[in-house]
Structures are given as structure tokens and as C-alpha cells.
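Here's the structure, in C-alpha cells; my notes come after.
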There are 2 protein chains.
Amino acid sequence: MALRTAAIERLAITDDRASELADLFRLLGDATRLKIVLACMDAPTAVGAIAERLKLSLSLVSHHLRLLRAARIVRADRQGKQVFYSAADDHISGIVSAMLEHVAEPRGVDD
Amino acid sequence: MALRTAAIERLAITDDRASELADLFRLLGDATRLKIVLACMDAPTAVGAIAERLKLSLSLVSHHLRLLRAARIVRADRQGKQVFYSAADDHISGIVSAMLEHVAEPRGVDD
DNA sequence: ATAACAATTGAACAATTGTTCATATGATGG
DNA sequence: CCATCATATGAACAATTGTTCAATTGTTAT
């Protein structure tokens, strides 16, 4: 039923709404940024820890996190000097999971 | 359980797999391309019909469809001179729906 | 106040990408 | 075979975007 509702909304989607959606997808559409999302999806993680785990510069991680936070894909919680990031809600995890399933699907014979 | 499995995989995600996922998200991350996906998601639609409905050039629509088809986000079915495009599977619709819900969510007080 | 640690920000550059225009391919009917 | 319709492709340009380096802000402890 949730799918049916979405199908109806989809028919009447405005350009603004499409752009809003696209913006979110685009943020997940960079490998580095996606890995950052995945890294702080399991448990709240500090910027430095993310950078270390993924072997990325602090600056780069912070830049990406700012974009992700602005889009409410992740949320920031300051705890002393450190800022812990985590997934903003369950939609994101669900979306990533669904895409993982899509990738895992068997290829057709004609491609 | 599907979520739990995905969560486990997430911990051990490789760089290649992250890039593969990101590529898919990036394709949905352009407003024009996303509208094309939405346009042929409800029912199989010919290239010309999509272009007309969205008021885009045939060339542009075709270029985007080629990328979407290569990523198996949409599938192509030739019927005479026309080629009808439709969503490749249910994952895509589910993903778009989930993102629509994410957008529809009430904002927090502090942003 | 100062030092040290953690994270953020701004500017600049290289690389990627969306769009357009022109041309080509494939299918159908005369 | 030729003309026409429908889609696809290639090259080129403008615009966006990821990354780096340097400098800055915020927080805690001495």
C-alpha cells in the first residue's frame, strides 16, 4: 500500500520535488561519500575515526559530512571535542539495502 | 532479516562494491534523468513519448536512457520502430518511494 | 591565557558530467 | 530501392563537483 501511494504521488511529481529527490540521490552517488555514510551507519562515529578507518583526510571527510548533514542523511551529535555522526533515520539504511539487493540480482542473458 | 543481512554486508563492503552502488545512486542523482525514470516507471513508454511529456529533446532523453539501461535501472523493449522503456525491477520503485518518504518527513526544530 | 586536540571552512585546481548540435543507424511502408 | 519515422551515437562545450592545502573555529585541560 505504501508502494501504491508512492505510485500515485509519482504521477504528479513536480520539477521541484524531482530536484529535491535527485539531490539526495546525488549525495549517495559518490563512492567516497557513500562509504562515509556506511561507516557511520552501524554506530555513531567521530569524524577522526571515520577518516582513519577509510584512510581519508580529515578535511575531505568533514566536507562530505557537511553536505550529508545538510541533506539530513546523517545527524551530528557533539560530545566534548568530538562530533559523532550517525544515520539520520531508517529510510537511508533501507534505501542502501534495497540498492545492494538490486546489485546482487542475477544479470539477464542479453547484457 | 533482509535488513540484518544487508547490515552485515555493509560492515564488510569493499571499495569496488561501494563504487558499484554509488554509480547507481549517481544515475538517479540528476533531476532530468530521475524524471525520465519516473516517467517510464508507471507504464512502458516510448522515447518520443517521454521526450514530449517532459519537454526534452529526443537526443537528451536517449542519452540518459542509455546510461540507465546500462545500469539496468530501466529495460528496453523494441516494438516495431519504437522502443518502450520501463523500470527494470521493483527495487528501483521501492528505492524511489523510500526516498520520497524521507523527503516528506517533518524537519527537526534545529534546522 | 595558552597549548593541544578535534573539526570546520574557504579558495583553487583537476576531473567529471549534462546538454546541444549534427550525423548515423535501424525499422517500416510505398 | 528510397523515403520516412523513431531512436541512437559522437564530438564539443559549459557547468558542476570532488579533492587538496592552508587557515580558522570550537572545546577541554593546564
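Following the order of the C-alpha cells, first chain is A, next is B, and so on, with residues numbered from 1 inside each chain and ligands from 1 in the order they appear.
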Sort by chain and increasing residue number a table of all residues of chain C within 9 Å of region 6-17 of chain D, each with its closest pair of atoms and their distance in Å to one decimal, counting only C-alpha atoms (C1' of nucleotides), and write it as CSV.
```
residue,atom,partner,partner_atom,distance
C:DA15,C1',D:DT17,C1',8.6
C:DT16,C1',D:DT17,C1',7.5
C:DT17,C1',D:DT16,C1',7.5
C:DG18,C1',D:DA15,C1',8.2
C:DT19,C1',D:DA14,C1',8.6
C:DT20,C1',D:DC13,C1',8.7
C:DT23,C1',D:DG10,C1',8.4
C:DA24,C1',D:DT9,C1',7.1
C:DT25,C1',D:DA8,C1',7.0
C:DG26,C1',D:DT7,C1',8.1
C:DA27,C1',D:DA6,C1',8.4
```
Could you please take those selected residues and save C-alpha atoms (C1' of nucleotides) as an mmCIF file, in the first residue's frame?
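out_15.cif, written as the output of this step:
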```
data_model
loop_
_atom_site.group_PDB
_atom_site.id
_atom_site.type_symbol
_atom_site.label_atom_id
_atom_site.label_comp_id
_atom_site.auth_asym_id
_atom_site.auth_seq_id
_atom_site.Cartn_x
_atom_site.Cartn_y
_atom_site.Cartn_z
ATOM 1 C "C1'" DA C 15 38.277 15.968 -13.381
ATOM 2 C "C1'" DT C 16 33.702 14.585 -14.370
ATOM 3 C "C1'" DT C 17 29.301 15.310 -16.349
ATOM 4 C "C1'" DG C 18 24.909 17.222 -18.545
ATOM 5 C "C1'" DT C 19 23.491 19.279 -22.652
ATOM 6 C "C1'" DT C 20 23.414 20.577 -27.563
ATOM 7 C "C1'" DT C 23 25.162 12.808 -38.123
ATOM 8 C "C1'" DA C 24 24.184 7.866 -38.260
ATOM 9 C "C1'" DT C 25 21.622 3.541 -37.537
ATOM 10 C "C1'" DG C 26 17.506 0.651 -37.579
ATOM 11 C "C1'" DA C 27 12.622 -0.406 -38.933
#
```
Could you give me, as JSON lines, every chain B residue with an atom at most 12 Å from chain C, plus its closest atom pair and distance in Å to one decimal, counting only C-alpha atoms (C1' of nucleotides), rows ordered by chain then number?
```
{"residue": "B:Arg26", "atom": "CA", "partner": "C:DT17", "partner_atom": "C1'", "distance": 10.8}
{"residue": "B:Leu27", "atom": "CA", "partner": "C:DT17", "partner_atom": "C1'", "distance": 11.0}
{"residue": "B:Gly29", "atom": "CA", "partner": "C:DT17", "partner_atom": "C1'", "distance": 11.7}
{"residue": "B:Asp30", "atom": "CA", "partner": "C:DG18", "partner_atom": "C1'", "distance": 8.8}
{"residue": "B:Ala31", "atom": "CA", "partner": "C:DG18", "partner_atom": "C1'", "distance": 10.6}
{"residue": "B:Thr32", "atom": "CA", "partner": "C:DG18", "partner_atom": "C1'", "distance": 9.3}
{"residue": "B:Arg33", "atom": "CA", "partner": "C:DG18", "partner_atom": "C1'", "distance": 9.9}
{"residue": "B:Leu56", "atom": "CA", "partner": "C:DT19", "partner_atom": "C1'", "distance": 10.6}
{"residue": "B:Ser57", "atom": "CA", "partner": "C:DT20", "partner_atom": "C1'", "distance": 9.3}
{"residue": "B:Leu58", "atom": "CA", "partner": "C:DT20", "partner_atom": "C1'", "distance": 11.2}
{"residue": "B:Ser59", "atom": "CA", "partner": "C:DT20", "partner_atom": "C1'", "distance": 8.8}
{"residue": "B:Leu60", "atom": "CA", "partner": "C:DT19", "partner_atom": "C1'", "distance": 7.1}
{"residue": "B:Val61", "atom": "CA", "partner": "C:DT19", "partner_atom": "C1'", "distance": 10.6}
{"residue": "B:His63", "atom": "CA", "partner": "C:DG18", "partner_atom": "C1'", "distance": 9.9}
{"residue": "B:His64", "atom": "CA", "partner": "C:DG18", "partner_atom": "C1'", "distance": 9.4}
{"residue": "B:Arg78", "atom": "CA", "partner": "C:DA27", "partner_atom": "C1'", "distance": 10.2}
{"residue": "B:Gln79", "atom": "CA", "partner": "C:DA27", "partner_atom": "C1'", "distance": 9.7}
{"residue": "B:Gly80", "atom": "CA", "partner": "C:DA27", "partner_atom": "C1'", "distance": 6.5}
{"residue": "B:Lys81", "atom": "CA", "partner": "C:DA27", "partner_atom": "C1'", "distance": 5.2}
{"residue": "B:Gln82", "atom": "CA", "partner": "C:DA27", "partner_atom": "C1'", "distance": 8.8}
{"residue": "B:Val83", "atom": "CA", "partner": "C:DA27", "partner_atom": "C1'", "distance": 11.0}
```
Write out the residues from the selection above, keeping N, CA and C atoms, as an mmCIF file, in the first residue's frame.
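Output below, filename again.cif:
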```
data_model
loop_
_atom_site.group_PDB
_atom_site.id
_atom_site.type_symbol
_atom_site.label_atom_id
_atom_site.label_comp_id
_atom_site.auth_asym_id
_atom_site.auth_seq_id
_atom_site.Cartn_x
_atom_site.Cartn_y
_atom_site.Cartn_z
ATOM 1 N N ARG B 26 24.229 7.663 -8.345
ATOM 2 C CA ARG B 26 24.562 8.853 -9.125
ATOM 3 C C ARG B 26 23.644 9.000 -10.331
ATOM 4 N N LEU B 27 23.269 7.879 -10.912
ATOM 5 C CA LEU B 27 22.380 7.924 -12.070
ATOM 6 C C LEU B 27 21.010 8.477 -11.693
ATOM 7 N N GLY B 29 20.709 10.629 -9.444
ATOM 8 C CA GLY B 29 21.034 11.898 -8.822
ATOM 9 C C GLY B 29 21.025 13.095 -9.745
ATOM 10 N N ASP B 30 20.402 12.949 -10.880
ATOM 11 C CA ASP B 30 20.215 14.088 -11.773
ATOM 12 C C ASP B 30 18.721 14.261 -12.010
ATOM 13 N N ALA B 31 18.225 15.484 -11.859
ATOM 14 C CA ALA B 31 16.781 15.732 -11.901
ATOM 15 C C ALA B 31 16.170 15.289 -13.222
ATOM 16 N N THR B 32 16.825 15.619 -14.314
ATOM 17 C CA THR B 32 16.307 15.241 -15.621
ATOM 18 C C THR B 32 16.210 13.727 -15.747
ATOM 19 N N ARG B 33 17.301 13.080 -15.372
ATOM 20 C CA ARG B 33 17.341 11.622 -15.511
ATOM 21 C C ARG B 33 16.342 10.958 -14.581
ATOM 22 N N LEU B 56 11.596 17.521 -23.393
ATOM 23 C CA LEU B 56 13.051 17.411 -23.549
ATOM 24 C C LEU B 56 13.353 16.954 -24.973
ATOM 25 N N SER B 57 14.579 17.224 -25.412
ATOM 26 C CA SER B 57 14.948 16.788 -26.754
ATOM 27 C C SER B 57 15.080 15.270 -26.794
ATOM 28 N N LEU B 58 14.816 14.709 -27.958
ATOM 29 C CA LEU B 58 14.941 13.265 -28.134
ATOM 30 C C LEU B 58 16.350 12.804 -27.827
ATOM 31 N N SER B 59 17.301 13.586 -28.278
ATOM 32 C CA SER B 59 18.693 13.226 -28.079
ATOM 33 C C SER B 59 19.029 13.118 -26.599
ATOM 34 N N LEU B 60 18.611 14.100 -25.861
ATOM 35 C CA LEU B 60 18.914 14.110 -24.425
ATOM 36 C C LEU B 60 18.290 12.910 -23.726
ATOM 37 N N VAL B 61 17.051 12.653 -24.033
ATOM 38 C CA VAL B 61 16.364 11.515 -23.414
ATOM 39 C C VAL B 61 17.067 10.212 -23.769
ATOM 40 N N HIS B 63 20.197 9.747 -24.645
ATOM 41 C CA HIS B 63 21.479 9.675 -23.942
ATOM 42 C C HIS B 63 21.283 9.171 -22.506
ATOM 43 N N HIS B 64 20.325 9.747 -21.836
ATOM 44 C CA HIS B 64 20.089 9.355 -20.450
ATOM 45 C C HIS B 64 19.607 7.909 -20.358
ATOM 46 N N ARG B 78 11.895 -3.299 -27.714
ATOM 47 C CA ARG B 78 11.583 -2.776 -29.052
ATOM 48 C C ARG B 78 10.254 -3.351 -29.528
ATOM 49 N N GLN B 79 9.454 -2.470 -30.114
ATOM 50 C CA GLN B 79 8.169 -2.892 -30.677
ATOM 51 C C GLN B 79 7.980 -2.128 -31.977
ATOM 52 N N GLY B 80 8.429 -2.724 -33.047
ATOM 53 C CA GLY B 80 8.398 -2.018 -34.325
ATOM 54 C C GLY B 80 9.466 -0.949 -34.338
ATOM 55 N N LYS B 81 9.090 0.250 -34.755
ATOM 56 C CA LYS B 81 10.067 1.342 -34.788
ATOM 57 C C LYS B 81 10.358 1.879 -33.403
ATOM 58 N N GLN B 82 9.393 1.693 -32.523
ATOM 59 C CA GLN B 82 9.529 2.302 -31.205
ATOM 60 C C GLN B 82 10.214 1.390 -30.190
ATOM 61 N N VAL B 83 10.844 2.032 -29.221
ATOM 62 C CA VAL B 83 11.455 1.288 -28.117
ATOM 63 C C VAL B 83 10.790 1.745 -26.815
#
```
Excluding Asp16 (chain B) and any residue of its chain fewer than 6 positions from it, enumerate the residues within 12 Å of it, using only C-alpha atoms (C1' of nucleotides), and give them as a list in words. Ala31, Thr32, Leu34, Lys35 and Val103 of chain A; Ala22 and Asp23 of chain B
Limited to all heavy atoms, could you put the picked residues into a file as a PDB file, in the first residue's frame?
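Generated output (out08.pdb):
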```
ATOM      1  N   ALA A  31      31.390   7.513  -4.426  1.00  0.00           N
ATOM      2  CA  ALA A  31      31.879   6.354  -3.686  1.00  0.00           C
ATOM      3  C   ALA A  31      32.440   6.748  -2.325  1.00  0.00           C
ATOM      4  O   ALA A  31      32.143   6.110  -1.307  1.00  0.00           O
ATOM      5  CB  ALA A  31      32.928   5.618  -4.505  1.00  0.00           C
ATOM      6  N   THR A  32      33.235   7.796  -2.291  1.00  0.00           N
ATOM      7  CA  THR A  32      33.814   8.244  -1.025  1.00  0.00           C
ATOM      8  C   THR A  32      32.723   8.626  -0.034  1.00  0.00           C
ATOM      9  O   THR A  32      32.732   8.197   1.123  1.00  0.00           O
ATOM     10  CB  THR A  32      34.721   9.467  -1.264  1.00  0.00           C
ATOM     11  OG1 THR A  32      35.691   9.139  -2.244  1.00  0.00           O
ATOM     12  CG2 THR A  32      35.411   9.872   0.017  1.00  0.00           C
ATOM     13  N   LEU A  34      29.580   7.811  -0.070  1.00  0.00           N
ATOM     14  CA  LEU A  34      28.767   6.655   0.293  1.00  0.00           C
ATOM     15  C   LEU A  34      29.456   5.820   1.366  1.00  0.00           C
ATOM     16  O   LEU A  34      28.824   5.355   2.316  1.00  0.00           O
ATOM     17  CB  LEU A  34      28.496   5.804  -0.950  1.00  0.00           C
ATOM     18  CG  LEU A  34      27.596   4.579  -0.749  1.00  0.00           C
ATOM     19  CD1 LEU A  34      26.225   4.985  -0.255  1.00  0.00           C
ATOM     20  CD2 LEU A  34      27.477   3.776  -2.041  1.00  0.00           C
ATOM     21  N   LYS A  35      30.749   5.666   1.241  1.00  0.00           N
ATOM     22  CA  LYS A  35      31.483   4.903   2.247  1.00  0.00           C
ATOM     23  C   LYS A  35      31.444   5.602   3.601  1.00  0.00           C
ATOM     24  O   LYS A  35      31.368   4.962   4.641  1.00  0.00           O
ATOM     25  CB  LYS A  35      32.940   4.697   1.790  1.00  0.00           C
ATOM     26  CG  LYS A  35      33.089   3.602   0.755  1.00  0.00           C
ATOM     27  CD  LYS A  35      34.537   3.240   0.502  1.00  0.00           C
ATOM     28  CE  LYS A  35      35.229   4.273  -0.358  1.00  0.00           C
ATOM     29  NZ  LYS A  35      36.603   3.864  -0.736  1.00  0.00           N
ATOM     30  N   VAL A 103      21.886  -4.718  -6.921  1.00  0.00           N
ATOM     31  CA  VAL A 103      23.190  -5.069  -7.478  1.00  0.00           C
ATOM     32  C   VAL A 103      23.415  -6.576  -7.436  1.00  0.00           C
ATOM     33  O   VAL A 103      23.995  -7.162  -8.352  1.00  0.00           O
ATOM     34  CB  VAL A 103      24.319  -4.354  -6.688  1.00  0.00           C
ATOM     35  CG1 VAL A 103      25.683  -4.899  -7.082  1.00  0.00           C
ATOM     36  CG2 VAL A 103      24.263  -2.859  -6.936  1.00  0.00           C
TER      37      VAL A 103
ATOM     38  N   ALA B  22      27.474   3.364  -5.676  1.00  0.00           N
ATOM     39  CA  ALA B  22      27.478   4.807  -5.895  1.00  0.00           C
ATOM     40  C   ALA B  22      27.103   5.136  -7.337  1.00  0.00           C
ATOM     41  O   ALA B  22      26.382   6.101  -7.588  1.00  0.00           O
ATOM     42  CB  ALA B  22      28.845   5.387  -5.549  1.00  0.00           C
ATOM     43  N   ASP B  23      27.587   4.326  -8.261  1.00  0.00           N
ATOM     44  CA  ASP B  23      27.262   4.561  -9.671  1.00  0.00           C
ATOM     45  C   ASP B  23      25.751   4.552  -9.895  1.00  0.00           C
ATOM     46  O   ASP B  23      25.220   5.390 -10.636  1.00  0.00           O
ATOM     47  CB  ASP B  23      27.905   3.476 -10.549  1.00  0.00           C
ATOM     48  CG  ASP B  23      29.394   3.700 -10.712  1.00  0.00           C
ATOM     49  OD1 ASP B  23      29.873   4.806 -10.398  1.00  0.00           O
ATOM     50  OD2 ASP B  23      30.090   2.761 -11.148  1.00  0.00           O
TER      51      ASP B  23
END
```
Write out chain B, as a CSV table (one decimal) with C-alpha atoms, in the first residue's frame, after superposing it onto chain A by least squares using every C-alpha atom paired in order.
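This went into out.csv:
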```csv
chain,number,residue,atom,x,y,z
B,1,MET,CA,-0.1,0.6,0.4
B,2,ALA,CA,2.9,2.8,1.0
B,3,LEU,CA,4.0,1.8,-2.5
B,4,ARG,CA,0.6,2.5,-4.0
B,5,THR,CA,0.6,6.0,-2.4
B,6,ALA,CA,4.1,6.6,-3.8
B,7,ALA,CA,3.0,5.5,-7.2
B,8,ILE,CA,0.2,8.0,-7.2
B,9,GLU,CA,2.5,10.8,-6.1
B,10,ARG,CA,4.9,9.8,-8.8
B,11,LEU,CA,2.5,10.5,-11.5
B,12,ALA,CA,2.0,14.1,-10.2
B,13,ILE,CA,5.6,14.8,-9.3
B,14,THR,CA,6.7,18.4,-9.7
B,15,ASP,CA,10.0,19.6,-11.0
B,16,ASP,CA,10.9,20.9,-7.6
B,17,ARG,CA,10.2,17.6,-6.0
B,18,ALA,CA,12.2,15.8,-8.6
B,19,SER,CA,15.1,18.1,-8.0
B,20,GLU,CA,14.8,17.6,-4.2
B,21,LEU,CA,14.9,13.8,-4.7
B,22,ALA,CA,17.7,13.9,-7.2
B,23,ASP,CA,19.8,16.0,-4.8
B,24,LEU,CA,19.5,13.2,-2.2
B,25,PHE,CA,20.5,10.5,-4.6
B,26,ARG,CA,23.4,12.5,-5.9
B,27,LEU,CA,24.8,12.8,-2.5
B,28,LEU,CA,24.8,9.0,-2.3
B,29,GLY,CA,26.2,8.9,-5.8
B,30,ASP,CA,29.9,9.4,-4.9
B,31,ALA,CA,31.9,6.4,-3.7
B,32,THR,CA,33.8,8.3,-1.1
B,33,ARG,CA,30.7,9.9,0.3
B,34,LEU,CA,28.8,6.7,0.3
B,35,LYS,CA,31.5,4.9,2.2
B,36,ILE,CA,31.3,7.7,4.8
B,37,VAL,CA,27.6,7.1,5.1
B,38,LEU,CA,28.1,3.4,5.5
B,39,ALA,CA,30.9,3.9,8.0
B,40,CYS,CA,28.6,5.8,10.4
B,41,MET,CA,25.5,3.8,9.7
B,42,ASP,CA,26.4,0.9,12.0
B,43,ALA,CA,27.2,3.0,15.0
B,44,PRO,CA,27.7,6.7,15.7
B,45,THR,CA,31.3,7.5,14.7
B,46,ALA,CA,33.5,10.6,15.2
B,47,VAL,CA,35.0,12.4,12.2
B,48,GLY,CA,38.5,11.4,13.0
B,49,ALA,CA,37.5,7.7,13.4
B,50,ILE,CA,35.8,7.7,10.0
B,51,ALA,CA,38.8,9.4,8.4
B,52,GLU,CA,41.2,6.9,9.9
B,53,ARG,CA,39.1,3.8,9.0
B,54,LEU,CA,38.6,4.9,5.4
B,55,LYS,CA,42.1,6.4,5.1
B,56,LEU,CA,40.8,9.8,4.1
B,57,SER,CA,41.9,13.3,5.1
B,58,LEU,CA,40.0,14.9,7.9
B,59,SER,CA,39.2,17.8,5.7
B,60,LEU,CA,37.6,15.7,3.0
B,61,VAL,CA,35.5,13.7,5.4
B,62,SER,CA,34.3,16.9,7.1
B,63,HIS,CA,33.4,18.5,3.7
B,64,HIS,CA,31.3,15.5,2.8
B,65,LEU,CA,29.7,15.2,6.2
B,66,ARG,CA,28.6,18.8,5.9
B,67,LEU,CA,26.7,18.0,2.7
B,68,LEU,CA,25.2,14.9,4.1
B,69,ARG,CA,24.1,16.6,7.3
B,70,ALA,CA,22.5,19.5,5.3
B,71,ALA,CA,20.5,16.9,3.4
B,72,ARG,CA,19.6,15.2,6.7
B,73,ILE,CA,21.1,11.9,5.5
B,74,VAL,CA,23.3,11.9,8.6
B,75,ARG,CA,22.9,13.6,12.0
B,76,ALA,CA,25.6,15.1,14.1
B,77,ASP,CA,25.9,14.8,17.9
B,78,ARG,CA,28.6,16.7,19.7
B,79,GLN,CA,30.2,15.0,22.7
B,80,GLY,CA,33.0,17.1,24.1
B,81,LYS,CA,35.6,17.9,21.4
B,82,GLN,CA,34.3,15.1,19.2
B,83,VAL,CA,31.3,15.1,16.9
B,84,PHE,CA,29.6,11.8,16.3
B,85,TYR,CA,27.8,11.1,13.1
B,86,SER,CA,25.1,8.6,12.5
B,87,ALA,CA,22.4,7.8,10.0
B,88,ALA,CA,19.6,10.3,10.3
B,89,ASP,CA,16.8,7.7,10.1
B,90,ASP,CA,15.9,4.2,8.8
B,91,HIS,CA,15.0,5.3,5.3
B,92,ILE,CA,18.6,5.7,4.3
B,93,SER,CA,19.6,2.3,5.5
B,94,GLY,CA,16.6,0.8,3.8
B,95,ILE,CA,17.4,2.6,0.6
B,96,VAL,CA,21.0,1.4,0.6
B,97,SER,CA,19.9,-2.1,1.4
B,98,ALA,CA,17.5,-2.2,-1.5
B,99,MET,CA,20.2,-0.9,-3.8
B,100,LEU,CA,22.6,-3.6,-2.6
B,101,GLU,CA,19.9,-6.2,-3.4
B,102,HIS,CA,19.5,-4.7,-6.9
B,103,VAL,CA,23.2,-5.0,-7.5
B,104,ALA,CA,23.2,-8.6,-6.2
B,105,GLU,CA,20.5,-9.6,-8.6
B,106,PRO,CA,21.5,-12.1,-11.4
B,107,ARG,CA,22.2,-10.5,-14.7
B,108,GLY,CA,20.0,-11.3,-17.7
B,109,VAL,CA,21.4,-13.5,-20.5
B,110,ASP,CA,21.5,-10.6,-23.0
B,111,ASP,CA,23.9,-8.2,-21.3
```
Which of chain B counts as alpha helix (DSSP H) under DSSP, as a ChimeraX atom specification please? /B:2-11,15-28,31-39,47-54,58-70,90-104
Interface residues on chain D facing chain A, 9 Å, only C-alpha atoms (C1' of nucleotides), written as a CSV table (one decimal) with N, CA, C and O atoms (P, O5', C5', C4', C3', O3' and C1' of nucleotides), in the first residue's frame:
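selection05.csv, written as the output of this step:
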```
chain,number,residue,atom,x,y,z
D,18,DG,P,30.6,15.8,-5.6
D,18,DG,O5',32.1,15.2,-5.4
D,18,DG,C5',32.6,14.3,-6.3
D,18,DG,C4',34.1,14.3,-6.2
D,18,DG,C3',34.7,14.0,-4.8
D,18,DG,O3',35.8,13.1,-4.9
D,18,DG,C1',35.5,16.1,-5.7
D,19,DT,P,36.5,12.6,-3.6
D,19,DT,O5',37.7,13.5,-3.5
D,19,DT,C5',38.7,13.5,-4.5
D,19,DT,C4',39.7,14.6,-4.3
D,19,DT,C3',40.4,14.7,-2.9
D,19,DT,O3',41.7,14.2,-3.0
D,19,DT,C1',39.8,16.9,-3.7
D,20,DT,P,42.6,14.1,-1.7
D,20,DT,O5',43.4,15.5,-1.6
D,20,DT,C5',44.0,15.9,-2.8
D,20,DT,C4',44.6,17.3,-2.6
D,20,DT,C3',45.4,17.5,-1.3
D,20,DT,O3',46.7,18.0,-1.6
D,20,DT,C1',43.8,19.2,-1.7
D,26,DG,P,33.3,29.7,16.7
D,26,DG,O5',33.5,28.4,17.5
D,26,DG,C5',32.9,27.2,17.1
D,26,DG,C4',33.4,26.0,17.9
D,26,DG,C3',33.2,26.1,19.4
D,26,DG,O3',32.5,25.0,19.8
D,26,DG,C1',35.4,25.5,18.9
D,27,DT,P,31.9,24.9,21.3
D,27,DT,O5',32.9,24.0,22.1
D,27,DT,C5',33.1,22.7,21.7
D,27,DT,C4',34.3,22.0,22.4
D,27,DT,C3',34.2,22.2,23.9
D,27,DT,O3',34.2,20.9,24.6
D,27,DT,C1',36.4,22.6,23.1
D,28,DT,P,33.8,20.8,26.1
D,28,DT,O5',35.2,20.4,26.8
D,28,DT,C5',35.9,19.3,26.4
D,28,DT,C4',37.3,19.3,26.8
D,28,DT,C3',37.6,19.5,28.3
D,28,DT,O3',38.3,18.4,28.8
D,28,DT,C1',39.0,20.9,27.1
```
If DSSP is run on the backbone, what residues of chain B are strand (DSSP E)? A reply as number ranges by chain would be ideal. B: 45-46, 74-79, 82-87
